[in-house]
file upload-v6.tsv (TSV, C-alpha atoms)
chain	number	residue	atom	x	y	z
A	20	PHE	CA	0.00	0.00	0.00
A	21	ASN	CA	3.03	2.29	0.25
A	22	ILE	CA	3.03	2.79	-3.52
A	23	TYR	CA	-0.25	4.69	-3.23
A	24	PHE	CA	1.32	7.09	-0.77
A	25	TYR	CA	4.29	7.46	-3.12
A	26	PHE	CA	1.97	8.55	-5.90
A	27	MET	CA	0.23	10.89	-3.49
A	28	LYS	CA	3.51	12.62	-2.70
A	29	ASN	CA	4.23	12.96	-6.42
A	30	VAL	CA	0.84	14.61	-6.87
A	31	ILE	CA	1.57	17.13	-4.16
A	32	PHE	CA	5.03	17.80	-5.57
A	33	ASN	CA	3.62	18.50	-9.04
A	34	ILE	CA	0.86	20.73	-7.68
A	35	TRP	CA	3.33	22.55	-5.46
A	36	THR	CA	5.73	23.21	-8.33
A	37	LEU	CA	2.85	24.43	-10.49
A	38	VAL	CA	1.63	26.81	-7.78
A	39	GLU	CA	5.18	27.93	-7.09
A	40	LYS	CA	5.75	28.84	-10.73
A	41	LEU	CA	2.42	30.65	-11.05
A	42	VAL	CA	2.64	32.50	-7.76
A	43	SER	CA	6.30	33.44	-8.11
A	44	PHE	CA	5.56	34.76	-11.62
A	45	ASN	CA	2.79	37.01	-10.29
A	46	LEU	CA	4.50	37.89	-7.00
A	47	ASN	CA	7.60	39.19	-8.76
A	48	HIS	CA	5.52	41.82	-10.53
A	49	PHE	CA	3.58	42.53	-7.34
A	50	ILE	CA	6.72	42.93	-5.22
A	51	SER	CA	8.41	45.12	-7.80
A	52	TYR	CA	5.29	47.29	-7.95
A	53	GLN	CA	5.12	47.55	-4.17
A	54	LYS	CA	8.81	48.43	-3.96
A	55	SER	CA	8.46	51.17	-6.53
A	56	THR	CA	5.25	52.76	-5.18
A	57	LYS	CA	5.21	52.16	-1.43
A	58	LYS	CA	8.10	51.96	0.96
A	59	PRO	CA	7.91	49.86	4.13
A	60	ARG	CA	7.54	51.83	7.33
A	61	ASN	CA	10.35	50.04	9.05
A	62	PHE	CA	12.70	47.12	8.70
A	63	MET	CA	10.43	44.70	10.65
A	64	GLU	CA	7.52	45.28	8.28
A	65	LYS	CA	9.76	44.40	5.33
A	66	ILE	CA	10.78	41.14	7.02
A	67	LYS	CA	7.13	40.24	7.75
A	68	ASN	CA	6.19	40.76	4.11
A	69	GLU	CA	9.00	38.48	2.92
A	70	GLU	CA	8.12	35.81	5.50
A	71	SER	CA	4.45	35.80	4.47
A	72	ILE	CA	5.47	35.21	0.84
A	73	ASN	CA	7.87	32.41	1.76
A	74	ASN	CA	5.33	30.73	4.06
A	75	PHE	CA	2.85	30.61	1.19
A	76	LEU	CA	5.20	28.33	-0.77
A	77	VAL	CA	5.83	25.48	1.65
A	78	ASP	CA	6.93	22.05	0.53
A	79	TYR	CA	5.06	19.66	2.82
A	80	ARG	CA	5.95	16.41	1.06
A	81	GLN	CA	8.04	15.18	3.96
A	82	ASN	CA	5.36	16.01	6.55
A	83	LEU	CA	2.50	14.15	4.85
A	84	ILE	CA	1.39	11.17	6.96
A	85	PHE	CA	-1.39	8.68	6.23
A	86	ASN	CA	-3.13	6.66	8.90
A	87	ILE	CA	-5.58	3.93	7.83
A	88	LEU	CA	-8.39	3.84	10.37
A	89	ARG	CA	-10.60	1.26	8.63
A	90	TRP	CA	-10.04	-0.81	5.51
A	91	ASN	CA	-12.22	-3.58	4.12
A	92	ARG	CA	-13.65	-4.71	0.81
A	93	ASP	CA	-16.18	-1.92	0.41
A	94	GLU	CA	-14.85	0.96	2.50
A	95	MET	CA	-11.59	2.68	3.39
A	96	VAL	CA	-11.12	5.46	5.93
A	97	ILE	CA	-7.82	7.39	5.81
A	98	GLU	CA	-6.68	10.08	8.19
A	99	THR	CA	-4.04	12.50	6.95
A	100	ASN	CA	-2.44	15.76	7.99
A	101	GLU	CA	-0.84	18.65	6.12
A	102	LEU	CA	-3.11	18.04	3.12
A	103	SER	CA	-4.91	21.15	1.92
A	104	LEU	CA	-8.64	21.14	1.33
A	105	PRO	CA	-8.43	21.88	-2.44
A	106	HIS	CA	-6.28	18.78	-2.93
A	107	ALA	CA	-8.70	16.62	-0.96
A	108	ASN	CA	-11.64	18.06	-2.89
A	109	SER	CA	-9.93	17.34	-6.23
A	110	LEU	CA	-9.50	13.69	-5.25
A	111	ARG	CA	-13.14	13.54	-4.18
A	112	ARG	CA	-14.37	14.95	-7.50
A	113	ILE	CA	-12.17	12.55	-9.48
A	114	LEU	CA	-13.54	9.59	-7.54
A	115	LEU	CA	-17.11	10.66	-8.17
A	116	GLY	CA	-16.99	11.66	-11.81
A	117	GLU	CA	-13.79	10.82	-13.70
A	118	ILE	CA	-12.94	7.16	-13.09
A	119	ARG	CA	-14.20	4.99	-15.94
A	120	THR	CA	-16.31	1.92	-15.23
A	121	ILE	CA	-18.70	-0.31	-17.15
A	122	ALA	CA	-22.49	-0.23	-16.95
A	123	ILE	CA	-25.53	-1.26	-18.98
A	124	GLU	CA	-26.42	1.47	-21.48
A	125	LYS	CA	-28.94	-0.06	-23.91
A	126	VAL	CA	-31.52	-2.79	-23.33
A	127	PHE	CA	-33.26	-4.55	-26.22
A	128	PHE	CA	-36.46	-6.45	-25.29
A	129	PHE	CA	-37.68	-9.47	-27.21
A	130	TYR	CA	-40.73	-10.02	-25.04
A	131	ASN	CA	-41.95	-8.77	-21.69
A	132	SER	CA	-45.22	-9.92	-20.15
A	133	SER	CA	-44.49	-8.72	-16.60
A	134	ILE	CA	-46.39	-5.96	-14.84
A	135	LEU	CA	-43.48	-3.51	-15.25
A	136	ASN	CA	-42.98	-1.69	-18.52
A	137	ASP	CA	-39.77	-1.81	-20.57
A	138	GLU	CA	-38.47	1.61	-19.49
A	139	THR	CA	-38.68	0.79	-15.78
A	140	ILE	CA	-36.87	-2.53	-16.17
A	141	ALA	CA	-34.19	-0.94	-18.36
A	142	HIS	CA	-33.62	1.75	-15.75
A	143	ARG	CA	-33.28	-0.83	-12.96
A	144	LEU	CA	-30.88	-2.94	-15.03
A	145	GLY	CA	-28.70	0.07	-15.79
A	146	LEU	CA	-28.17	0.83	-12.09
A	147	ILE	CA	-26.81	-2.64	-11.28
A	148	PRO	CA	-23.00	-2.47	-10.79
A	149	ILE	CA	-21.06	-4.79	-13.10
A	150	SER	CA	-17.81	-6.42	-12.01
A	151	ILE	CA	-15.00	-6.49	-14.57
A	152	ASN	CA	-11.22	-6.63	-14.54
A	153	SER	CA	-9.58	-3.20	-14.25
A	154	GLU	CA	-6.85	-4.09	-16.77
A	155	PHE	CA	-9.52	-4.76	-19.37
A	156	LEU	CA	-10.97	-1.26	-18.95
A	157	SER	CA	-7.59	0.38	-19.53
A	158	ARG	CA	-7.12	-1.16	-22.97
A	159	THR	CA	-10.63	-1.26	-24.42
A	160	LYS	CA	-13.08	1.30	-25.79
A	161	LEU	CA	-16.61	0.03	-25.65
A	162	GLU	CA	-18.20	3.38	-26.46
A	163	ASN	CA	-17.35	2.94	-30.16
A	164	HIS	CA	-20.16	1.63	-32.33
A	165	ASN	CA	-18.38	-1.57	-33.23
A	166	LYS	CA	-20.50	-4.67	-33.62
A	167	ILE	CA	-17.62	-7.04	-32.82
A	168	GLU	CA	-16.19	-5.30	-29.73
A	169	LYS	CA	-19.19	-5.44	-27.44
A	170	ILE	CA	-20.06	-6.90	-24.07
A	171	VAL	CA	-23.61	-8.22	-24.15
A	172	LEU	CA	-25.44	-9.54	-21.11
A	173	GLU	CA	-28.52	-11.69	-21.42
A	174	PHE	CA	-31.51	-11.54	-19.09
A	175	LYS	CA	-33.96	-14.36	-19.70
A	176	ILE	CA	-36.39	-16.01	-17.27
A	177	LYS	CA	-39.85	-17.56	-17.34
A	178	ASN	CA	-42.34	-18.49	-14.62
A	179	GLN	CA	-44.23	-21.65	-15.49
A	180	GLN	CA	-48.02	-21.62	-15.42
A	181	GLU	CA	-48.17	-24.81	-13.36
A	182	THR	CA	-46.30	-23.34	-10.36
A	183	PHE	CA	-49.17	-21.09	-9.21
A	184	LYS	CA	-46.57	-19.03	-7.32
A	185	LYS	CA	-45.10	-15.62	-7.76
A	186	ILE	CA	-41.29	-15.69	-8.15
A	187	SER	CA	-38.70	-12.98	-7.47
A	188	VAL	CA	-36.07	-12.31	-10.13
A	189	TYR	CA	-32.66	-11.23	-8.86
A	190	SER	CA	-29.50	-9.94	-10.51
A	191	LYS	CA	-27.95	-13.42	-10.50
A	192	SER	CA	-30.15	-14.17	-13.54
A	193	ILE	CA	-28.03	-11.80	-15.69
A	194	LYS	CA	-25.52	-13.87	-17.68
A	195	LEU	CA	-22.75	-13.01	-20.14
A	196	LYS	CA	-23.69	-13.82	-23.71
A	197	ASN	CA	-21.17	-15.42	-26.07
A	198	TYR	CA	-20.87	-12.59	-28.55
A	199	GLY	CA	-17.98	-10.90	-30.38
A	200	LEU	CA	-14.36	-10.77	-29.30
A	201	PHE	CA	-15.15	-10.80	-25.57
A	202	SER	CA	-17.08	-14.07	-25.58
A	203	SER	CA	-14.12	-15.96	-24.09
A	204	MET	CA	-13.48	-13.48	-21.28
A	205	ASN	CA	-15.78	-15.31	-18.90
A	206	LYS	CA	-13.21	-18.12	-18.67
A	207	ASN	CA	-10.43	-15.91	-17.32
A	208	SER	CA	-12.24	-13.02	-15.64
A	209	ALA	CA	-15.96	-13.27	-14.96
A	210	ILE	CA	-18.19	-10.38	-16.05
A	211	THR	CA	-21.12	-10.59	-13.66
A	212	PRO	CA	-23.14	-8.28	-11.40
A	213	VAL	CA	-21.30	-7.37	-8.21
A	214	PHE	CA	-24.21	-8.42	-6.00
A	215	ARG	CA	-26.34	-11.43	-6.86
A	216	ASP	CA	-29.27	-10.58	-4.60
A	217	ILE	CA	-30.50	-7.30	-6.15
A	218	LEU	CA	-34.23	-7.59	-6.74
A	219	ILE	CA	-35.20	-6.57	-10.29
A	220	LEU	CA	-38.86	-7.60	-10.64
A	221	LYS	CA	-41.44	-10.27	-9.78
A	222	LEU	CA	-43.20	-12.58	-12.22
A	223	ASN	CA	-46.66	-14.04	-11.86
A	224	PRO	CA	-47.43	-17.56	-13.16
A	225	GLY	CA	-47.21	-17.64	-16.95
A	226	GLN	CA	-45.19	-14.40	-17.29
A	227	LYS	CA	-41.79	-14.27	-18.98
A	228	ILE	CA	-39.14	-11.79	-20.01
A	229	LYS	CA	-36.15	-11.83	-22.36
A	230	CYS	CA	-33.79	-8.97	-23.19
A	231	GLU	CA	-30.20	-8.16	-24.16
A	232	CYS	CA	-28.13	-5.61	-22.25
A	233	HIS	CA	-25.31	-3.81	-24.08
A	234	CYS	CA	-22.58	-2.40	-21.84
A	235	VAL	CA	-20.60	0.81	-22.28
A	236	VAL	CA	-17.50	2.18	-20.55
A	237	ASP	CA	-17.87	5.75	-19.30
A	238	SER	CA	-17.36	7.98	-16.26
A	239	GLY	CA	-19.66	9.32	-13.58
A	240	SER	CA	-19.72	12.77	-15.17
A	241	LYS	CA	-22.13	11.39	-17.79
A	242	HIS	CA	-24.38	9.37	-15.45
A	243	ALA	CA	-24.31	8.32	-11.82
A	244	LYS	CA	-24.49	4.63	-12.77
A	245	PHE	CA	-20.87	4.85	-14.04
A	246	SER	CA	-19.58	6.19	-10.72
A	247	PRO	CA	-17.46	3.53	-8.95
A	248	VAL	CA	-18.19	4.91	-5.47
A	249	GLY	CA	-21.41	5.18	-3.55
A	250	THR	CA	-19.97	8.23	-1.85
A	251	ALA	CA	-16.54	9.76	-1.35
A	252	PHE	CA	-16.08	12.65	1.04
A	253	TYR	CA	-13.65	14.16	3.50
A	254	ARG	CA	-14.28	15.43	6.99
A	255	ILE	CA	-12.35	18.09	8.86
A	256	SER	CA	-11.46	16.85	12.33
A	257	PRO	CA	-13.08	18.83	15.15
A	258	ARG	CA	-11.23	20.14	18.18
A	259	ILE	CA	-12.92	20.36	21.59
A	260	LYS	CA	-11.22	22.15	24.44
A	261	ILE	CA	-12.48	22.52	28.00
A	262	VAL	CA	-11.14	25.88	29.13
A	263	LYS	CA	-12.14	25.50	32.79
A	264	GLU	CA	-13.07	22.31	34.53
A	265	ILE	CA	-16.79	21.56	34.84
A	266	PHE	CA	-17.93	19.69	37.97
A	267	GLY	CA	-21.08	18.20	39.45
A	268	ASN	CA	-24.51	18.59	37.88
A	269	ASP	CA	-23.25	20.74	35.00
A	270	ALA	CA	-20.90	17.98	33.88
A	271	GLU	CA	-23.70	15.41	33.97
A	272	LYS	CA	-26.05	17.67	32.01
A	273	ILE	CA	-23.52	18.21	29.24
A	274	ASN	CA	-22.75	14.50	29.11
A	275	GLU	CA	-26.44	13.64	28.75
A	276	ILE	CA	-27.29	16.29	26.18
A	277	CYS	CA	-24.48	15.38	23.76
A	278	PRO	CA	-26.12	13.25	20.99
A	279	VAL	CA	-22.93	11.42	19.94
A	280	LYS	CA	-21.43	10.96	23.44
A	281	VAL	CA	-18.24	12.91	22.97
A	282	PHE	CA	-17.84	13.57	26.69
A	283	THR	CA	-17.67	11.39	29.75
A	284	VAL	CA	-17.86	12.03	33.47
A	285	LYS	CA	-14.99	10.93	35.68
A	286	LYS	CA	-14.31	11.23	39.38
A	287	SER	CA	-11.80	13.89	40.30
A	288	SER	CA	-9.00	12.88	42.66
A	289	LYS	CA	-8.81	16.32	44.22
A	290	ASN	CA	-12.26	16.96	45.65
A	291	TYR	CA	-13.92	13.59	44.94
A	292	THR	CA	-16.55	15.05	42.62
A	293	SER	CA	-17.44	14.25	39.02
A	294	VAL	CA	-15.58	16.19	36.34
A	295	LEU	CA	-16.25	16.46	32.60
A	296	SER	CA	-13.63	15.22	30.11
A	297	VAL	CA	-13.41	14.70	26.33
A	298	VAL	CA	-13.14	11.08	25.17
A	299	TYR	CA	-14.17	10.89	21.48
A	300	PRO	CA	-13.61	14.29	19.81
A	301	GLN	CA	-13.66	12.73	16.32
A	302	PHE	CA	-17.38	11.93	16.72
A	303	CYS	CA	-18.36	15.57	17.19
A	304	THR	CA	-20.83	16.85	14.57
A	305	LEU	CA	-20.52	20.52	15.66
A	306	CYS	CA	-24.15	20.62	16.79
A	307	LYS	CA	-23.13	22.92	19.70
A	308	GLU	CA	-25.68	21.46	22.08
A	309	CYS	CA	-23.10	21.52	24.84
A	310	LEU	CA	-22.81	25.30	24.48
A	311	ARG	CA	-26.52	25.94	25.01
A	312	ILE	CA	-26.56	24.87	28.67
A	313	ASP	CA	-26.65	27.73	31.16
A	314	ILE	CA	-23.49	27.57	33.26
A	315	GLU	CA	-22.14	30.20	35.60
A	316	LYS	CA	-18.82	30.22	33.76
A	317	GLN	CA	-19.01	31.85	30.36
A	318	ARG	CA	-18.12	29.50	27.52
A	319	PRO	CA	-16.19	26.83	29.41
A	320	ILE	CA	-16.09	24.71	26.22
A	321	ARG	CA	-14.61	25.82	22.92
A	322	ILE	CA	-15.27	23.99	19.65
A	323	SER	CA	-13.24	24.55	16.50
A	324	ARG	CA	-11.79	22.62	13.55
A	325	LEU	CA	-8.35	21.34	12.68
A	326	LYS	CA	-8.02	22.18	9.00
A	327	LYS	CA	-4.73	20.33	8.70
A	328	LYS	CA	-6.25	17.04	9.90
A	329	ILE	CA	-8.62	15.46	7.36
A	330	THR	CA	-10.45	12.16	7.43
A	331	PHE	CA	-11.05	10.82	3.90
A	332	ILE	CA	-13.82	8.21	3.43
A	333	ILE	CA	-14.21	6.11	0.26
A	334	GLU	CA	-17.22	3.78	-0.08
A	335	SER	CA	-17.02	1.61	-3.17
A	336	THR	CA	-20.00	0.17	-5.05
A	337	GLY	CA	-18.11	-3.12	-5.43
A	338	VAL	CA	-16.81	-2.70	-8.99
A	339	ALA	CA	-13.29	-2.22	-7.56
A	340	SER	CA	-11.60	-2.19	-4.18
A	341	PRO	CA	-11.37	1.22	-2.46
A	342	GLU	CA	-7.57	1.24	-2.43
A	343	LEU	CA	-7.54	0.64	-6.20
A	344	LEU	CA	-9.96	3.52	-6.73
A	345	PHE	CA	-7.77	5.74	-4.57
A	346	HIS	CA	-4.79	4.76	-6.71
A	347	ARG	CA	-6.67	5.56	-9.91
A	348	ALA	CA	-7.73	8.98	-8.57
A	349	ILE	CA	-4.14	9.85	-7.67
A	350	SER	CA	-2.90	8.72	-11.10
A	351	LEU	CA	-5.48	10.89	-12.85
A	352	LEU	CA	-4.52	13.85	-10.68
A	353	VAL	CA	-0.84	13.30	-11.52
A	354	GLY	CA	-1.71	13.26	-15.21
A	355	LYS	CA	-3.63	16.53	-14.88
A	356	CYS	CA	-0.71	18.17	-13.09
A	357	ASN	CA	1.77	17.01	-15.74
A	358	ARG	CA	-0.53	18.23	-18.50
A	359	SER	CA	-0.92	21.62	-16.82
A	360	LEU	CA	2.84	21.94	-16.34
A	361	SER	CA	3.53	21.09	-19.99
A	362	ILE	CA	1.03	23.72	-21.16
A	363	LEU	CA	2.50	26.22	-18.70
A	364	PHE	CA	6.06	25.66	-19.87
A	365	LYS	CA	5.00	26.00	-23.51
A	366	SER	CA	3.19	29.27	-22.87
A	367	TYR	CA	5.65	30.99	-20.51
A	368	CYS	CA	9.39	31.08	-20.13
A	369	PHE	CA	10.48	31.02	-16.51

call {"tool": "encode", "arguments": {"input": "upload-v6.tsv", "output": "structure tokens"}}
result
Amino acid sequence: FNIYFYFMKNVIFNIWTLVEKLVSFNLNHFISYQKSTKKPRNFMEKIKNEESINNFLVDYRQNLIFNILRWNRDEMVIETNELSLPHANSLRRILLGEIRTIAIEKVFFFYNSSILNDETIAHRLGLIPISINSEFLSRTKLENHNKIEKIVLEFKIKNQQETFKKISVYSKSIKLKNYGLFSSMNKNSAITPVFRDILILKLNPGQKIKCECHCVVDSGSKHAKFSPVGTAFYRISPRIKIVKEIFGNDAEKINEICPVKVFTVKKSSKNYTSVLSVVYPQFCTLCKECLRIDIEKQRPIRISRLKKKITFIIESTGVASPELLFHRAISLLVGKCNRSLSILFKSYCF
């Protein structure tokens, strides 16, 4: 997993060099203009101006630390520091709308005698996540109108008249059809729905349905069904500080009114009374219920945010593991930075 962090540091290095070039190009004109029009009042003011400019361009590659809080098949929670909010937001937007996946685009019905119409069934089939090998997506283009290079899934089921029972049809009934160049892919890497227990429709006795589903590779910017994540977001870590100790009934009231149980009440060793303390600050939702209690002391609790400490959450739909999606997002961001730098160097001479 260290290779993902290596790519992350390369991303930050490329972004930092890009910002450094742009800002230094503009700051040189700004500083020269300030020097020519306005003189600093004293020597200390000149030093402060230079320090503010240098602090803006800080290389934090060596200070970037990742801490994996939770990691399983469908979800990954990463805690990091020294990562700016624009960088985290760019990774979030890439995860949501720029990673290419496969989904059902067109559905051709041969017959449908169920109670649902064709448009409703086609919409439900299109939202089912399809599992496919990531290496295949990198070297194929299924959006071209080529009759040979197509992935076709078949959905065919019939409820016999003699059963006298209503049956439920799940996503496990979708099978890969032997068609075109990709007909032999099922032997090496199966192309099937991620979850086999997604309910599609129900058939009464004597009803049947048959259709073909043509798949297309695209990104989430076109439709949400191509997005590989259910959600991807980051959360700024809260900071809770008790300025003055809170004892007795006030401590118990604050502990009871907190909806996420951030605080706890402990016995003080000094005067043998209960005192309020912070146990789980990361669960705070900034509801500020603890600040609405009338206490003799004014604002004994202060709530703020740590902008340098970010918790990044990736929830995959199952088409790929969350660490692989994180790797793809970083690779795309690296490519964007390199493309921006190449355009910048062609346009300007530094």

call {"tool": "atom_distance", "arguments": {"input": "upload-v6.tsv", "atom1": "CA of Ile349 (chain A)", "atom2": "CA of Gly249 (chain A)"}}
result
18.4 Å

call {"tool": "residues_near_point", "arguments": {"input": "upload-v6.tsv", "point": "(-15.0, -7.4, -9.9)", "cutoff": "9 Å", "atoms": "all atoms listed in the file", "output": "count of residues only"}}
result
15

call {"tool": "closest_residue", "arguments": {"input": "upload-v6.tsv", "among": "A:Ile176, A:His242, A:Lys221, A:Val262", "to": "Ile134 (chain A)", "atoms": "all atoms listed in the file"}}
result
A:Lys221

call {"tool": "atom_distance", "arguments": {"input": "upload-v6.tsv", "atom1": "CA of Leu218 (chain A)", "atom2": "CA of Ser238 (chain A)"}}
result
24.9 Å

call {"tool": "atom_distance", "arguments": {"input": "upload-v6.tsv", "atom1": "CA of Leu115 (chain A)", "atom2": "CA of Gly239 (chain A)"}}
result
6.1 Å

call {"tool": "closest_residue", "arguments": {"input": "upload-v6.tsv", "among": "A:Arg119, A:Lys185, A:Lys260, A:Arg215", "to": "Ala243 (chain A)", "atoms": "only C-alpha atoms"}}
result
A:Arg119

call {"tool": "residues_around", "arguments": {"input": "upload-v6.tsv", "residues": "Phe331 (chain A)", "least_positions_apart": "3", "cutoff": "8 Å", "atoms": "only C-alpha atoms", "output": "PDB file with C-alpha atoms, in the frame of the given file"}}
result
ATOM      1  CA  VAL A  96     -11.120   5.460   5.930  1.00  0.00           C
ATOM      2  CA  ILE A  97      -7.820   7.390   5.810  1.00  0.00           C
ATOM      3  CA  GLU A  98      -6.680  10.080   8.190  1.00  0.00           C
ATOM      4  CA  THR A  99      -4.040  12.500   6.950  1.00  0.00           C
ATOM      5  CA  ALA A 107      -8.700  16.620  -0.960  1.00  0.00           C
ATOM      6  CA  ALA A 251     -16.540   9.760  -1.350  1.00  0.00           C
ATOM      7  CA  PHE A 252     -16.080  12.650   1.040  1.00  0.00           C
ATOM      8  CA  TYR A 253     -13.650  14.160   3.500  1.00  0.00           C
ATOM      9  CA  ARG A 254     -14.280  15.430   6.990  1.00  0.00           C
TER      10      ARG A 254
END

call {"tool": "closest_atom_pairs", "arguments": {"input": "upload-v6.tsv", "of": "region 165-257 of chain A", "to": "region 321-325 of chain A", "cutoff": "7 Å", "atoms": "only C-alpha atoms", "output": "CSV"}}
result
residue,atom,partner,partner_atom,distance
A:Ile255,CA,A:Leu325,CA,6.4
A:Ser256,CA,A:Leu325,CA,5.5
A:Pro257,CA,A:Arg324,CA,4.3

call {"tool": "write_last_selection", "arguments": {"input": "upload-v6.tsv", "atoms": "C-alpha atoms", "output": "tab-separated table (two decimals), in the coordinates of the input"}}
result
chain	number	residue	atom	x	y	z
A	255	ILE	CA	-12.35	18.09	8.86
A	256	SER	CA	-11.46	16.85	12.33
A	257	PRO	CA	-13.08	18.83	15.15

call {"tool": "residues_around", "arguments": {"input": "upload-v6.tsv", "residues": "region 285-287 of chain A", "least_positions_apart": "6", "cutoff": "10 Å", "atoms": "all atoms listed in the file", "output": "list in words"}}
result
Phe266, Gly267, Ala270, Glu271, Ser293, Val294, Leu295 and Ser296 of chain A

call {"tool": "closest_residue", "arguments": {"input": "upload-v6.tsv", "among": "A:Glu308, A:Asp237, A:Glu342, A:Glu334", "to": "Glu117 (chain A)", "atoms": "all atoms listed in the file"}}
result
A:Asp237

call {"tool": "closest_residue", "arguments": {"input": "upload-v6.tsv", "among": "A:Lys191, A:Lys263, A:His233, A:Arg92", "to": "Thr336 (chain A)", "atoms": "only C-alpha atoms"}}
result
A:Arg92

call {"tool": "closest_residue", "arguments": {"input": "upload-v6.tsv", "among": "A:Ile186, A:Leu110, A:Ile123, A:Leu172", "to": "Arg347 (chain A)", "atoms": "only C-alpha atoms"}}
result
A:Leu110

call {"tool": "residues_around", "arguments": {"input": "upload-v6.tsv", "residues": "Leu195 (chain A)", "least_positions_apart": "2", "cutoff": "8 Å", "atoms": "only C-alpha atoms", "output": "list in words"}}
result
Ile170, Val171, Leu172, Glu173, Ile193, Asn197, Ser202, Asn205, Ile210 and Thr211 of chain A

call {"tool": "residues_near_point", "arguments": {"input": "upload-v6.tsv", "point": "(-33.8, -4.2, -26.0)", "cutoff": "9 Å", "atoms": "only C-alpha atoms", "output": "count of residues only"}}
result
12

call {"tool": "closest_residue", "arguments": {"input": "upload-v6.tsv", "among": "A:Ile259, A:Leu222, A:Ile273, A:Met95", "to": "Val297 (chain A)", "atoms": "all atoms listed in the file"}}
result
A:Ile259

call {"tool": "residues_around", "arguments": {"input": "upload-v6.tsv", "residues": "Ile228 (chain A)", "least_positions_apart": "3", "cutoff": "7 Å", "atoms": "all atoms listed in the file", "output": "list in words"}}
result
Tyr130, Asn131, Ser132, Lys175, Ile176 and Lys177 of chain A

call {"tool": "build_atoms", "arguments": {"input": "upload-v6.tsv", "residues": "region 265-277 of chain A", "atoms": "N, CA, C and O atoms", "output": "PDB file, in the coordinates of the input"}}
result
ATOM      1  N   ILE A 265     -15.355  21.538  34.551  1.00  0.00           N
ATOM      2  CA  ILE A 265     -16.790  21.560  34.840  1.00  0.00           C
ATOM      3  C   ILE A 265     -17.082  20.401  35.787  1.00  0.00           C
ATOM      4  O   ILE A 265     -16.782  19.242  35.477  1.00  0.00           O
ATOM      5  N   PHE A 266     -17.684  20.696  36.935  1.00  0.00           N
ATOM      6  CA  PHE A 266     -17.930  19.690  37.970  1.00  0.00           C
ATOM      7  C   PHE A 266     -19.419  19.505  38.183  1.00  0.00           C
ATOM      8  O   PHE A 266     -20.254  20.311  37.762  1.00  0.00           O
ATOM      9  N   GLY A 267     -19.749  18.425  38.885  1.00  0.00           N
ATOM     10  CA  GLY A 267     -21.080  18.200  39.450  1.00  0.00           C
ATOM     11  C   GLY A 267     -22.180  18.040  38.429  1.00  0.00           C
ATOM     12  O   GLY A 267     -22.058  17.356  37.417  1.00  0.00           O
ATOM     13  N   ASN A 268     -23.299  18.734  38.707  1.00  0.00           N
ATOM     14  CA  ASN A 268     -24.510  18.590  37.880  1.00  0.00           C
ATOM     15  C   ASN A 268     -24.308  19.143  36.473  1.00  0.00           C
ATOM     16  O   ASN A 268     -24.888  18.629  35.512  1.00  0.00           O
ATOM     17  N   ASP A 269     -23.489  20.173  36.334  1.00  0.00           N
ATOM     18  CA  ASP A 269     -23.250  20.740  35.000  1.00  0.00           C
ATOM     19  C   ASP A 269     -22.535  19.731  34.101  1.00  0.00           C
ATOM     20  O   ASP A 269     -22.845  19.621  32.909  1.00  0.00           O
ATOM     21  N   ALA A 270     -21.603  18.997  34.667  1.00  0.00           N
ATOM     22  CA  ALA A 270     -20.900  17.980  33.880  1.00  0.00           C
ATOM     23  C   ALA A 270     -21.844  16.866  33.452  1.00  0.00           C
ATOM     24  O   ALA A 270     -21.778  16.383  32.307  1.00  0.00           O
ATOM     25  N   GLU A 271     -22.743  16.457  34.335  1.00  0.00           N
ATOM     26  CA  GLU A 271     -23.700  15.410  33.970  1.00  0.00           C
ATOM     27  C   GLU A 271     -24.697  15.880  32.930  1.00  0.00           C
ATOM     28  O   GLU A 271     -25.107  15.118  32.056  1.00  0.00           O
ATOM     29  N   LYS A 272     -25.116  17.144  33.005  1.00  0.00           N
ATOM     30  CA  LYS A 272     -26.050  17.670  32.010  1.00  0.00           C
ATOM     31  C   LYS A 272     -25.419  17.694  30.618  1.00  0.00           C
ATOM     32  O   LYS A 272     -26.042  17.298  29.633  1.00  0.00           O
ATOM     33  N   ILE A 273     -24.185  18.159  30.534  1.00  0.00           N
ATOM     34  CA  ILE A 273     -23.520  18.210  29.240  1.00  0.00           C
ATOM     35  C   ILE A 273     -23.291  16.807  28.684  1.00  0.00           C
ATOM     36  O   ILE A 273     -23.433  16.557  27.481  1.00  0.00           O
ATOM     37  N   ASN A 274     -22.959  15.878  29.552  1.00  0.00           N
ATOM     38  CA  ASN A 274     -22.750  14.500  29.110  1.00  0.00           C
ATOM     39  C   ASN A 274     -24.035  13.877  28.583  1.00  0.00           C
ATOM     40  O   ASN A 274     -24.019  13.112  27.622  1.00  0.00           O
ATOM     41  N   GLU A 275     -25.161  14.207  29.176  1.00  0.00           N
ATOM     42  CA  GLU A 275     -26.440  13.640  28.750  1.00  0.00           C
ATOM     43  C   GLU A 275     -26.976  14.296  27.486  1.00  0.00           C
ATOM     44  O   GLU A 275     -27.623  13.645  26.668  1.00  0.00           O
ATOM     45  N   ILE A 276     -26.705  15.582  27.314  1.00  0.00           N
ATOM     46  CA  ILE A 276     -27.290  16.290  26.180  1.00  0.00           C
ATOM     47  C   ILE A 276     -26.517  16.066  24.889  1.00  0.00           C
ATOM     48  O   ILE A 276     -27.038  16.285  23.792  1.00  0.00           O
ATOM     49  N   CYS A 277     -25.276  15.611  24.965  1.00  0.00           N
ATOM     50  CA  CYS A 277     -24.480  15.380  23.760  1.00  0.00           C
ATOM     51  C   CYS A 277     -25.057  14.194  22.984  1.00  0.00           C
ATOM     52  O   CYS A 277     -25.142  13.074  23.514  1.00  0.00           O
TER      53      CYS A 277
END
